[in-house]
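Student: One file is attached below, work16.pdb, containing PDB, C-alpha atoms.
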ATOM      1  CA  GLU W   1      86.631 106.545  88.811
ATOM      2  CA  THR W   2      90.410 106.760  89.243
ATOM      3  CA  LEU W   3      90.852 103.416  87.478
ATOM      4  CA  ILE W   4      88.628 104.590  84.625
ATOM      5  CA  ARG W   5      90.713 107.736  84.146
ATOM      6  CA  GLN W   6      93.856 105.619  83.830
ATOM      7  CA  ALA W   7      92.377 103.023  81.461
ATOM      8  CA  THR W   8      92.614 103.252  77.670
ATOM      9  CA  GLU W   9      90.097 100.576  76.567
ATOM     10  CA  PRO W  10      87.169 101.794  74.402
ATOM     11  CA  VAL W  11      84.636 101.124  77.147
ATOM     12  CA  ALA W  12      86.750 103.147  79.592
ATOM     13  CA  ILE W  13      86.958 106.048  77.137
ATOM     14  CA  LEU W  14      83.156 105.982  76.834
ATOM     15  CA  ALA W  15      82.822 105.881  80.630
ATOM     16  CA  LYS W  16      85.098 108.935  80.887
ATOM     17  CA  LYS W  17      82.850 110.840  78.488
ATOM     18  CA  ILE W  18      79.747 109.850  80.453
ATOM     19  CA  LEU W  19      81.326 110.950  83.745
ATOM     20  CA  ALA W  20      82.456 114.238  82.208
ATOM     21  CA  ALA W  21      78.954 114.867  80.834
ATOM     22  CA  ARG W  22      77.341 114.150  84.207
ATOM     23  CA  ARG W  23      79.813 116.425  85.964
ATOM     24  CA  ALA W  24      79.154 119.197  83.458
ATOM     25  CA  GLU W  25      75.387 118.775  83.875
ATOM     26  CA  ILE W  26      75.667 119.109  87.656
ATOM     27  CA  ARG W  27      77.865 122.205  87.359
ATOM     28  CA  LEU W  28      75.476 123.791  84.881
ATOM     29  CA  ARG W  29      72.531 123.121  87.188
ATOM     30  CA  ILE W  30      74.382 124.732  90.105
ATOM     31  CA  LEU W  31      75.317 127.752  87.999
ATOM     32  CA  LYS W  32      71.691 128.237  86.918
ATOM     33  CA  ARG W  33      70.522 128.117  90.528
ATOM     34  CA  LEU W  34      73.233 130.558  91.578
ATOM     35  CA  GLU W  35      72.183 132.903  88.778
ATOM     36  CA  LEU W  36      68.568 132.717  89.935
ATOM     37  CA  LEU W  37      69.730 133.351  93.481
ATOM     38  CA  TYR W  38      71.622 136.450  92.331
ATOM     39  CA  LEU W  39      68.618 137.790  90.413
ATOM     40  CA  ASN W  40      66.462 137.353  93.528
ATOM     41  CA  GLY W  41      68.675 139.526  95.683
ATOM     42  CA  GLY W  42      71.892 137.562  96.066
ATOM     43  CA  ALA W  43      71.475 136.454  99.680
ATOM     44  CA  PHE W  44      72.214 132.788 100.372
ATOM     45  CA  HIS W  45      71.062 131.356 103.704
ATOM     46  CA  PRO W  46      72.226 127.731 103.826
ATOM     47  CA  ASP W  47      70.866 125.171 106.217
ATOM     48  CA  PHE W  48      72.316 121.853 107.296
ATOM     49  CA  ARG W  49      70.442 118.742 108.418
ATOM     50  CA  ILE W  50      72.640 116.377 110.400
ATOM     51  CA  ILE W  51      69.958 113.729 111.033
ATOM     52  CA  GLY W  52      66.855 112.522 109.257
ATOM     53  CA  THR W  53      68.267 111.374 105.913
ATOM     54  CA  LYS W  54      67.825 107.734 104.931
ATOM     55  CA  SER W  55      71.594 107.270 104.743
ATOM     56  CA  ASN W  56      72.161 109.055 108.083
ATOM     57  CA  ARG W  57      74.489 111.457 106.278
ATOM     58  CA  MET W  58      74.387 115.229 106.539
ATOM     59  CA  SER W  59      72.404 117.072 103.893
ATOM     60  CA  GLY W  60      71.861 120.721 103.154
ATOM     61  CA  GLY W  61      69.840 123.235 101.241
ATOM     62  CA  GLY W  62      68.853 126.851 101.068
ATOM     63  CA  GLY W  63      68.704 129.603  98.523
ATOM     64  CA  GLY W  64      65.442 128.667  96.838
ATOM     65  CA  GLY W  65      62.238 126.713  96.848
ATOM     66  CA  SER W  66      61.588 123.164  95.733
ATOM     67  CA  GLY W  67      63.807 122.256  92.792
ATOM     68  CA  GLU W  68      65.886 125.412  93.233
ATOM     69  CA  SER W  69      67.592 124.692  96.571
ATOM     70  CA  ILE W  70      71.379 124.558  96.619
ATOM     71  CA  ASN W  71      73.284 122.140  98.814
ATOM     72  CA  PRO W  72      76.162 124.271 100.166
ATOM     73  CA  GLN W  73      78.234 121.134 100.710
ATOM     74  CA  GLY W  74      77.943 120.321  97.012
ATOM     75  CA  ILE W  75      79.209 123.614  95.588
ATOM     76  CA  PRO W  76      82.394 122.789  93.624
ATOM     77  CA  ALA W  77      85.697 123.982  95.061
ATOM     78  CA  GLU W  78      87.030 125.441  91.804
ATOM     79  CA  PRO W  79      87.797 129.196  91.890
ATOM     80  CA  GLU W  80      85.163 129.986  89.253
ATOM     81  CA  PHE W  81      82.510 128.819  91.724
ATOM     82  CA  ARG W  82      83.965 129.938  95.037
ATOM     83  CA  SER W  83      84.779 133.425  93.687
ATOM     84  CA  LEU W  84      81.039 134.018  93.238
ATOM     85  CA  PHE W  85      80.639 134.283  97.008
ATOM     86  CA  ILE W  86      81.790 137.663  98.290
ATOM     87  CA  MET W  87      82.626 136.924 101.893
ATOM     88  CA  SER W  88      84.280 140.252 102.691
ATOM     89  CA  GLU W  89      83.993 143.766 101.350
ATOM     90  CA  GLN W  90      86.910 145.648  99.834
ATOM     91  CA  GLY W  91      89.492 146.535 102.473
ATOM     92  CA  GLU W  92      88.176 143.892 104.857
ATOM     93  CA  GLN W  93      89.468 140.444 105.657
ATOM     94  CA  LEU W  94      87.487 137.301 106.340
ATOM     95  CA  ASP W  95      89.092 134.914 108.820
ATOM     96  CA  GLY W  96      87.966 131.397 109.611
ATOM     97  CA  GLY W  97      88.872 128.670 112.003
ATOM     98  CA  ASP W  98      88.082 125.153 113.057
ATOM     99  CA  PHE W  99      88.029 123.201 116.290
ATOM    100  CA  ILE W 100      90.278 120.212 116.939
ATOM    101  CA  SER W 101      88.250 117.120 117.903
ATOM    102  CA  PHE W 102      85.152 119.292 118.378
ATOM    103  CA  GLU W 103      82.639 116.428 118.472
ATOM    104  CA  VAL W 104      84.881 114.319 120.704
ATOM    105  CA  ALA W 105      85.294 117.109 123.259
ATOM    106  CA  ILE W 106      81.527 117.724 123.356
ATOM    107  CA  LEU W 107      80.803 114.006 123.726
ATOM    108  CA  ALA W 108      83.239 113.653 126.619
ATOM    109  CA  ALA W 109      81.924 116.795 128.338
ATOM    110  CA  VAL W 110      78.230 115.957 127.977
ATOM    111  CA  PHE W 111      78.392 112.279 128.928
ATOM    112  CA  GLY W 112      80.980 112.755 131.675
ATOM    113  CA  ASP W 113      82.504 109.327 131.136
ATOM    114  CA  VAL W 114      85.402 109.140 133.607
ATOM    115  CA  ASN W 115      87.275 106.449 131.672
ATOM    116  CA  LEU W 116      87.067 108.279 128.350
ATOM    117  CA  THR W 117      88.022 111.621 129.889
ATOM    118  CA  ARG W 118      91.039 110.074 131.606
ATOM    119  CA  GLU W 119      92.272 108.487 128.361
ATOM    120  CA  LEU W 120      91.826 111.701 126.371
ATOM    121  CA  LYS W 121      93.601 113.804 129.001
ATOM    122  CA  SER W 122      96.523 111.392 128.869
ATOM    123  CA  GLY W 123      97.027 112.425 125.239
ATOM    124  CA  LYS W 124      95.661 109.317 123.558
ATOM    125  CA  LYS W 125      93.862 109.555 120.220
ATOM    126  CA  PHE W 126      90.108 109.039 120.440
ATOM    127  CA  HIS W 127      89.792 107.063 117.193
ATOM    128  CA  ALA W 128      92.615 104.723 118.177
ATOM    129  CA  LEU W 129      90.892 104.154 121.528
ATOM    130  CA  MET W 130      87.638 103.308 119.735
ATOM    131  CA  ALA W 131      89.395 100.672 117.612
ATOM    132  CA  LYS W 132      89.117  98.396 120.652
ATOM    133  CA  VAL W 133      85.371  99.009 120.633
ATOM    134  CA  TRP W 134      84.593  98.560 116.941
ATOM    135  CA  LEU W 135      87.189  96.010 115.869
ATOM    136  CA  GLY W 136      88.601  94.592 119.080
ATOM    137  CA  VAL W 137      91.995  95.936 117.995
ATOM    138  CA  ASP W 138      94.584  97.270 120.438
ATOM    139  CA  TYR W 139      95.514 100.950 120.552
ATOM    140  CA  GLU W 140      99.078 100.599 119.268
ATOM    141  CA  GLU W 141      98.081  98.181 116.524
ATOM    142  CA  VAL W 142      95.538 100.492 114.901
ATOM    143  CA  LEU W 143      98.005 103.395 114.972
ATOM    144  CA  ARG W 144     100.219 101.302 112.690
ATOM    145  CA  ASP W 145      97.366 100.468 110.302
ATOM    146  CA  LYS W 146      96.010 103.564 108.524
ATOM    147  CA  THR W 147      93.276 101.607 106.729
ATOM    148  CA  LYS W 148      91.800 100.346 109.989
ATOM    149  CA  TYR W 149      92.289 103.727 111.655
ATOM    150  CA  ASP W 150      90.366 105.503 108.863
ATOM    151  CA  LYS W 151      87.520 102.976 109.058
ATOM    152  CA  VAL W 152      87.273 103.444 112.819
ATOM    153  CA  LYS W 153      87.285 107.220 112.386
ATOM    154  CA  GLN W 154      84.396 107.014 109.893
ATOM    155  CA  ALA W 155      82.500 104.732 112.246
ATOM    156  CA  ASP W 156      83.082 107.090 115.173
ATOM    157  CA  PHE W 157      81.547 110.046 113.356
ATOM    158  CA  ALA W 158      78.648 107.952 112.057
ATOM    159  CA  TRP W 159      78.061 106.774 115.658
ATOM    160  CA  MET W 160      78.288 110.277 117.148
ATOM    161  CA  TYR W 161      75.733 111.585 114.647
ATOM    162  CA  GLY W 162      73.243 108.840 115.450
ATOM    163  CA  GLY W 163      74.183 106.250 112.834
ATOM    164  CA  GLN W 164      72.226 103.002 113.126
ATOM    165  CA  PRO W 165      73.852  99.516 113.330
ATOM    166  CA  GLY W 166      73.397  98.949 109.603
ATOM    167  CA  LYS W 167      75.325 102.115 108.801
ATOM    168  CA  LEU W 168      78.105 101.260 111.248
ATOM    169  CA  ALA W 169      78.410  97.756 109.819
ATOM    170  CA  GLU W 170      78.636  99.195 106.317
ATOM    171  CA  VAL W 171      81.355 101.679 107.276
ATOM    172  CA  LEU W 172      83.402  99.072 109.130
ATOM    173  CA  ASP W 173      82.768  96.371 106.513
ATOM    174  CA  VAL W 174      81.536  93.891 109.115
ATOM    175  CA  GLU W 175      78.326  91.980 109.818
ATOM    176  CA  GLN W 176      75.695  93.702 111.970
ATOM    177  CA  ALA W 177      76.220  91.008 114.593
ATOM    178  CA  GLU W 178      79.706  92.443 115.135
ATOM    179  CA  ILE W 179      78.160  95.816 116.002
ATOM    180  CA  LEU W 180      76.255  94.140 118.861
ATOM    181  CA  LYS W 181      79.551  92.784 120.179
ATOM    182  CA  ALA W 182      81.071  96.249 119.757
ATOM    183  CA  ASN W 183      78.284  97.729 121.885
ATOM    184  CA  ASP W 184      79.158  95.253 124.645
ATOM    185  CA  ARG W 185      82.809  96.351 124.481
ATOM    186  CA  LEU W 186      81.750 100.008 124.522
ATOM    187  CA  GLU W 187      79.627  99.443 127.634
ATOM    188  CA  GLU W 188      82.587  97.795 129.348
ATOM    189  CA  LEU W 189      85.215 100.399 128.378
ATOM    190  CA  PHE W 190      83.203 103.643 128.425
ATOM    191  CA  PRO W 191      79.871 102.933 130.192
ATOM    192  CA  LEU W 192      78.525 106.488 130.364
ATOM    193  CA  ALA W 193      79.384 107.139 126.712
ATOM    194  CA  TRP W 194      77.563 103.907 125.846
ATOM    195  CA  LEU W 195      74.507 104.936 127.861
ATOM    196  CA  GLY W 196      74.431 108.446 126.410
ATOM    197  CA  MET W 197      74.749 107.304 122.808
ATOM    198  CA  LEU W 198      72.137 104.614 123.392
ATOM    199  CA  ALA W 199      69.694 107.398 124.240
ATOM    200  CA  VAL W 200      70.766 109.366 121.147
ATOM    201  CA  VAL W 201      70.300 106.351 118.854
ATOM    202  CA  CYS W 202      66.828 105.729 120.289
ATOM    203  CA  VAL W 203      65.809 109.353 119.688
ATOM    204  CA  VAL W 204      67.188 109.323 116.130
ATOM    205  CA  GLY W 205      65.440 106.029 115.394
ATOM    206  CA  ILE W 206      62.103 107.387 116.592
ATOM    207  CA  TYR W 207      62.634 110.612 114.612
ATOM    208  CA  ASN W 208      63.408 108.698 111.414
ATOM    209  CA  ALA W 209      60.393 106.430 111.890
ATOM    210  CA  VAL W 210      58.007 109.336 112.510
ATOM    211  CA  THR W 211      59.263 111.484 109.622
ATOM    212  CA  ARG W 212      58.806 108.588 107.171
ATOM    213  CA  LEU W 213      55.179 107.980 108.099
ATOM    214  CA  PRO W 214      52.775 108.614 105.182
TER
END
Can I see the file as structure tokens?

Tutor:
Amino acid sequence: ETLIRQATEPVAILAKKILAARRAEIRLRILKRLELLYLNGGAFHPDFRIIGTKSNRMSGGGGGGSGESINPQGIPAEPEFRSLFIMSEQGEQLDGGDFISFEVAILAAVFGDVNLTRELKSGKKFHALMAKVWLGVDYEEVLRDKTKYDKVKQADFAWMYGGQPGKLAEVLDVEQAEILKANDRLEELFPLAWLGMLAVVCVVGIYNAVTRLP
């Protein structure tokens, strides 16, 4: 899309118009659903589903029935949209926060992997540590290569949320056979993390299979 915006050829100009029309259609659909939500009392109770989608990505909904649900993750960030949500009354202040390495800390605490805990307590970056698992790349090397680091980071989150081998291979841009080798390296480096995530992947796989039954 970035290349299309920069191009000046006739076909690129047409593509820009098509993209703009699609974006406008999506925004109009969201506005109509928000208007309906307001007319029905104005309360929006979003829900998030972190497993169960075919792509193993998070999805969301809430605010209406079939065909009227709004994905809270898909609400545009522009002020004209975000200003519609009154998060604090006049004279009040809404504060927010976020955790640093939230999923990583939970994973280490739940699985109790001594090797992983030791490395994290030493100050090392989790995603750089996992580069050895996914790509067979050393810690210092991946810190110097942002492209590889970002791929490993994406793979880590896909893995922690129950991503299957096909998804991990897609994120890392490798063959699925490489994911089997990565699992062997994971078992060697962080055995309890490997065992715990193996159980998670099995549960997610069964859940996906059952929910897709006719």

Student: Run the PyMOL selection byres ((chain W and resi 75) around 12) against the file shown and list the residues it catches, as a PyMOL selection string.

Tutor: chain W and resi 26-31+33-34+46+60-61+69-74+76-85

Student: Could the residues in this selection be saved with C-alpha atoms as a PDB file, in the frame of the given file?

Tutor:
ATOM      1  CA  ILE W  26      75.667 119.109  87.656  1.00  0.00           C
ATOM      2  CA  ARG W  27      77.865 122.205  87.359  1.00  0.00           C
ATOM      3  CA  LEU W  28      75.476 123.791  84.881  1.00  0.00           C
ATOM      4  CA  ARG W  29      72.531 123.121  87.188  1.00  0.00           C
ATOM      5  CA  ILE W  30      74.382 124.732  90.105  1.00  0.00           C
ATOM      6  CA  LEU W  31      75.317 127.752  87.999  1.00  0.00           C
ATOM      7  CA  ARG W  33      70.522 128.117  90.528  1.00  0.00           C
ATOM      8  CA  LEU W  34      73.233 130.558  91.578  1.00  0.00           C
ATOM      9  CA  PRO W  46      72.226 127.731 103.826  1.00  0.00           C
ATOM     10  CA  GLY W  60      71.861 120.721 103.154  1.00  0.00           C
ATOM     11  CA  GLY W  61      69.840 123.235 101.241  1.00  0.00           C
ATOM     12  CA  SER W  69      67.592 124.692  96.571  1.00  0.00           C
ATOM     13  CA  ILE W  70      71.379 124.558  96.619  1.00  0.00           C
ATOM     14  CA  ASN W  71      73.284 122.140  98.814  1.00  0.00           C
ATOM     15  CA  PRO W  72      76.162 124.271 100.166  1.00  0.00           C
ATOM     16  CA  GLN W  73      78.234 121.134 100.710  1.00  0.00           C
ATOM     17  CA  GLY W  74      77.943 120.321  97.012  1.00  0.00           C
ATOM     18  CA  PRO W  76      82.394 122.789  93.624  1.00  0.00           C
ATOM     19  CA  ALA W  77      85.697 123.982  95.061  1.00  0.00           C
ATOM     20  CA  GLU W  78      87.030 125.441  91.804  1.00  0.00           C
ATOM     21  CA  PRO W  79      87.797 129.196  91.890  1.00  0.00           C
ATOM     22  CA  GLU W  80      85.163 129.986  89.253  1.00  0.00           C
ATOM     23  CA  PHE W  81      82.510 128.819  91.724  1.00  0.00           C
ATOM     24  CA  ARG W  82      83.965 129.938  95.037  1.00  0.00           C
ATOM     25  CA  SER W  83      84.779 133.425  93.687  1.00  0.00           C
ATOM     26  CA  LEU W  84      81.039 134.018  93.238  1.00  0.00           C
ATOM     27  CA  PHE W  85      80.639 134.283  97.008  1.00  0.00           C
TER      28      PHE W  85
END

Student: Excluding same-chain residues fewer than 5 positions from region 86-101 of chain W, what lies within 10 Å of it counting only C-alpha atoms, as a ChimeraX atom specification?

Tutor: /W:106-107,125-126

Student: Output the residue selection produced by the PyMOL selection byres ((chain W and resi 187) around 12) on the file above, formatted as number ranges by chain.

Tutor: W: 113, 115-116, 130, 132-134, 180-186, 188-198

Student: Record the distance separating CA of Leu129 (chain W) and CA of Thr147 (chain W), expressed in Å with one decimal.

Tutor: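 These two atoms are separated by 15.2 Å.
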
Student: Find the residue from W:Val104, W:Ile179, W:Ala43, W:Leu14 that sits nearest to Gly62 (chain W); use only C-alpha atoms when measuring.

Tutor: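 Counting only C-alpha atoms, the residue closest to Gly62 (chain W) is W:Ala43.
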
Student: How far is it from CA of Lys32 (chain W) to CA of His45 (chain W), in Å with one decimal?

Tutor: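 Taking CA of Lys32 (chain W) and CA of His45 (chain W), their separation equals 17.1 Å.
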
Student: Which value, in Å to one decimal, gives the distance between CA of Phe157 (chain W) and CA of Phe48 (chain W)?

Tutor: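 Atom-to-atom, CA of Phe157 (chain W) to CA of Phe48 (chain W), that is 16.2 Å.
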
Student: Give the answer as one residue: which of W:Ala155, W:Ala108, W:Leu143, W:Ala199 has the shortest atom-to-atom distance to Lys121 (chain W), using all atoms listed in the file?

Tutor: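 Among the listed residues, W:Ala108 lies closest to Lys121 (chain W).
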
Student: Under the PyMOL selection byres ((chain W and resi 154) around 12), which residues of this model are included? Write them out as a list in words.

Tutor: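 With the shown file as input, the PyMOL selection byres ((chain W and resi 154) around 12) matches Arg57, His127, Ala128, Met130, Ala131, Trp134, Thr147, Lys148, Tyr149, Asp150, Lys151, Val152, Lys153, Ala155, Asp156, Phe157, Ala158, Trp159, Met160, Tyr161, Gly163, Lys167, Leu168, Ala169, Glu170, Val171, Leu172 and Asp173 of chain W.
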
Student: Store the residues of this selection in a file with C-alpha atoms, as a JSON list (two decimals), in the frame of the given file.

Tutor:
[["chain", "number", "residue", "atom", "x", "y", "z"],
["W", 57, "ARG", "CA", 74.49, 111.46, 106.28],
["W", 127, "HIS", "CA", 89.79, 107.06, 117.19],
["W", 128, "ALA", "CA", 92.62, 104.72, 118.18],
["W", 130, "MET", "CA", 87.64, 103.31, 119.74],
["W", 131, "ALA", "CA", 89.40, 100.67, 117.61],
["W", 134, "TRP", "CA", 84.59, 98.56, 116.94],
["W", 147, "THR", "CA", 93.28, 101.61, 106.73],
["W", 148, "LYS", "CA", 91.80, 100.35, 109.99],
["W", 149, "TYR", "CA", 92.29, 103.73, 111.66],
["W", 150, "ASP", "CA", 90.37, 105.50, 108.86],
["W", 151, "LYS", "CA", 87.52, 102.98, 109.06],
["W", 152, "VAL", "CA", 87.27, 103.44, 112.82],
["W", 153, "LYS", "CA", 87.28, 107.22, 112.39],
["W", 155, "ALA", "CA", 82.50, 104.73, 112.25],
["W", 156, "ASP", "CA", 83.08, 107.09, 115.17],
["W", 157, "PHE", "CA", 81.55, 110.05, 113.36],
["W", 158, "ALA", "CA", 78.65, 107.95, 112.06],
["W", 159, "TRP", "CA", 78.06, 106.77, 115.66],
["W", 160, "MET", "CA", 78.29, 110.28, 117.15],
["W", 161, "TYR", "CA", 75.73, 111.58, 114.65],
["W", 163, "GLY", "CA", 74.18, 106.25, 112.83],
["W", 167, "LYS", "CA", 75.32, 102.12, 108.80],
["W", 168, "LEU", "CA", 78.10, 101.26, 111.25],
["W", 169, "ALA", "CA", 78.41, 97.76, 109.82],
["W", 170, "GLU", "CA", 78.64, 99.20, 106.32],
["W", 171, "VAL", "CA", 81.36, 101.68, 107.28],
["W", 172, "LEU", "CA", 83.40, 99.07, 109.13],
["W", 173, "ASP", "CA", 82.77, 96.37, 106.51]]

Student: Taking all atoms of region 184-202 of chain W that appear in the file, build a box with edges along x, y and z, extend it by 3 Å on every side, and state its centre and edge lengths in Å to one decimal, as JSON.

Tutor:
{"center_x": 76.0, "center_y": 102.3, "center_z": 124.6, "size_x": 24.4, "size_y": 20.1, "size_z": 17.5}

Student: Considering all atoms listed in the file, state which residue in the set W:Ser122, W:Glu178, W:Arg212, W:Pro10 is at the smallest distance from Gly166 (chain W).

Tutor: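 Among the listed residues, W:Glu178 lies closest to Gly166 (chain W).
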
Student: Could you add whatever atoms are missing so that region 129-138 of chain W carries all heavy atoms, then write the result as a compact mmCIF listing (two decimals), in the frame of the given file?

Tutor:
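Output file result-v9.txt follows:
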# COMPACT_ATOMS: atom_id res chain seq x y z
N LEU W 129 91.54 104.76 120.37
CA LEU W 129 90.89 104.15 121.53
C LEU W 129 89.65 103.37 121.11
O LEU W 129 89.38 102.27 121.61
CB LEU W 129 90.48 105.24 122.53
CG LEU W 129 91.59 105.93 123.32
CD1 LEU W 129 91.02 107.13 124.07
CD2 LEU W 129 92.25 104.96 124.29
N MET W 130 88.89 103.93 120.17
CA MET W 130 87.64 103.31 119.74
C MET W 130 87.86 102.08 118.85
O MET W 130 86.92 101.34 118.58
CB MET W 130 86.78 104.34 119.00
CG MET W 130 86.23 105.44 119.90
SD MET W 130 85.10 104.81 121.17
CE MET W 130 83.67 104.39 120.16
N ALA W 131 89.09 101.87 118.40
CA ALA W 131 89.40 100.67 117.61
C ALA W 131 89.14 99.41 118.44
O ALA W 131 88.73 98.37 117.91
CB ALA W 131 90.84 100.71 117.13
N LYS W 132 89.40 99.53 119.76
CA LYS W 132 89.12 98.40 120.65
C LYS W 132 87.63 98.11 120.70
O LYS W 132 87.20 96.94 120.80
CB LYS W 132 89.63 98.73 122.06
CG LYS W 132 89.56 97.56 123.04
CD LYS W 132 90.58 96.50 122.70
CE LYS W 132 90.65 95.41 123.75
NZ LYS W 132 91.63 94.36 123.40
N VAL W 133 86.82 99.16 120.61
CA VAL W 133 85.37 99.01 120.63
C VAL W 133 84.87 98.37 119.34
O VAL W 133 84.21 97.33 119.35
CB VAL W 133 84.68 100.38 120.85
CG1 VAL W 133 83.17 100.24 120.64
CG2 VAL W 133 84.98 100.91 122.23
N TRP W 134 85.18 98.98 118.22
CA TRP W 134 84.59 98.56 116.94
C TRP W 134 85.20 97.27 116.39
O TRP W 134 84.48 96.44 115.82
CB TRP W 134 84.72 99.67 115.90
CG TRP W 134 84.07 100.95 116.28
CD1 TRP W 134 84.64 102.18 116.38
CD2 TRP W 134 82.69 101.15 116.62
NE1 TRP W 134 83.74 103.12 116.77
CE2 TRP W 134 82.52 102.53 116.92
CE3 TRP W 134 81.58 100.31 116.72
CZ2 TRP W 134 81.30 103.07 117.30
CZ3 TRP W 134 80.36 100.85 117.09
CH2 TRP W 134 80.23 102.21 117.37
N LEU W 135 86.51 97.13 116.52
CA LEU W 135 87.19 96.01 115.87
C LEU W 135 87.88 95.06 116.84
O LEU W 135 88.44 94.04 116.42
CB LEU W 135 88.22 96.55 114.87
CG LEU W 135 87.68 97.46 113.75
CD1 LEU W 135 88.84 98.00 112.93
CD2 LEU W 135 86.69 96.71 112.87
N GLY W 136 87.89 95.41 118.13
CA GLY W 136 88.60 94.59 119.08
C GLY W 136 90.11 94.65 118.90
O GLY W 136 90.83 93.74 119.27
N VAL W 137 90.58 95.77 118.32
CA VAL W 137 92.00 95.94 118.00
C VAL W 137 92.65 96.83 119.03
O VAL W 137 92.08 97.83 119.46
CB VAL W 137 92.15 96.56 116.58
CG1 VAL W 137 93.62 96.84 116.28
CG2 VAL W 137 91.57 95.62 115.53
N ASP W 138 93.87 96.49 119.43
CA ASP W 138 94.58 97.27 120.44
C ASP W 138 94.99 98.64 119.92
O ASP W 138 95.16 98.85 118.70
CB ASP W 138 95.82 96.52 120.91
CG ASP W 138 95.48 95.30 121.76
OD1 ASP W 138 94.39 95.31 122.36
OD2 ASP W 138 96.27 94.34 121.77
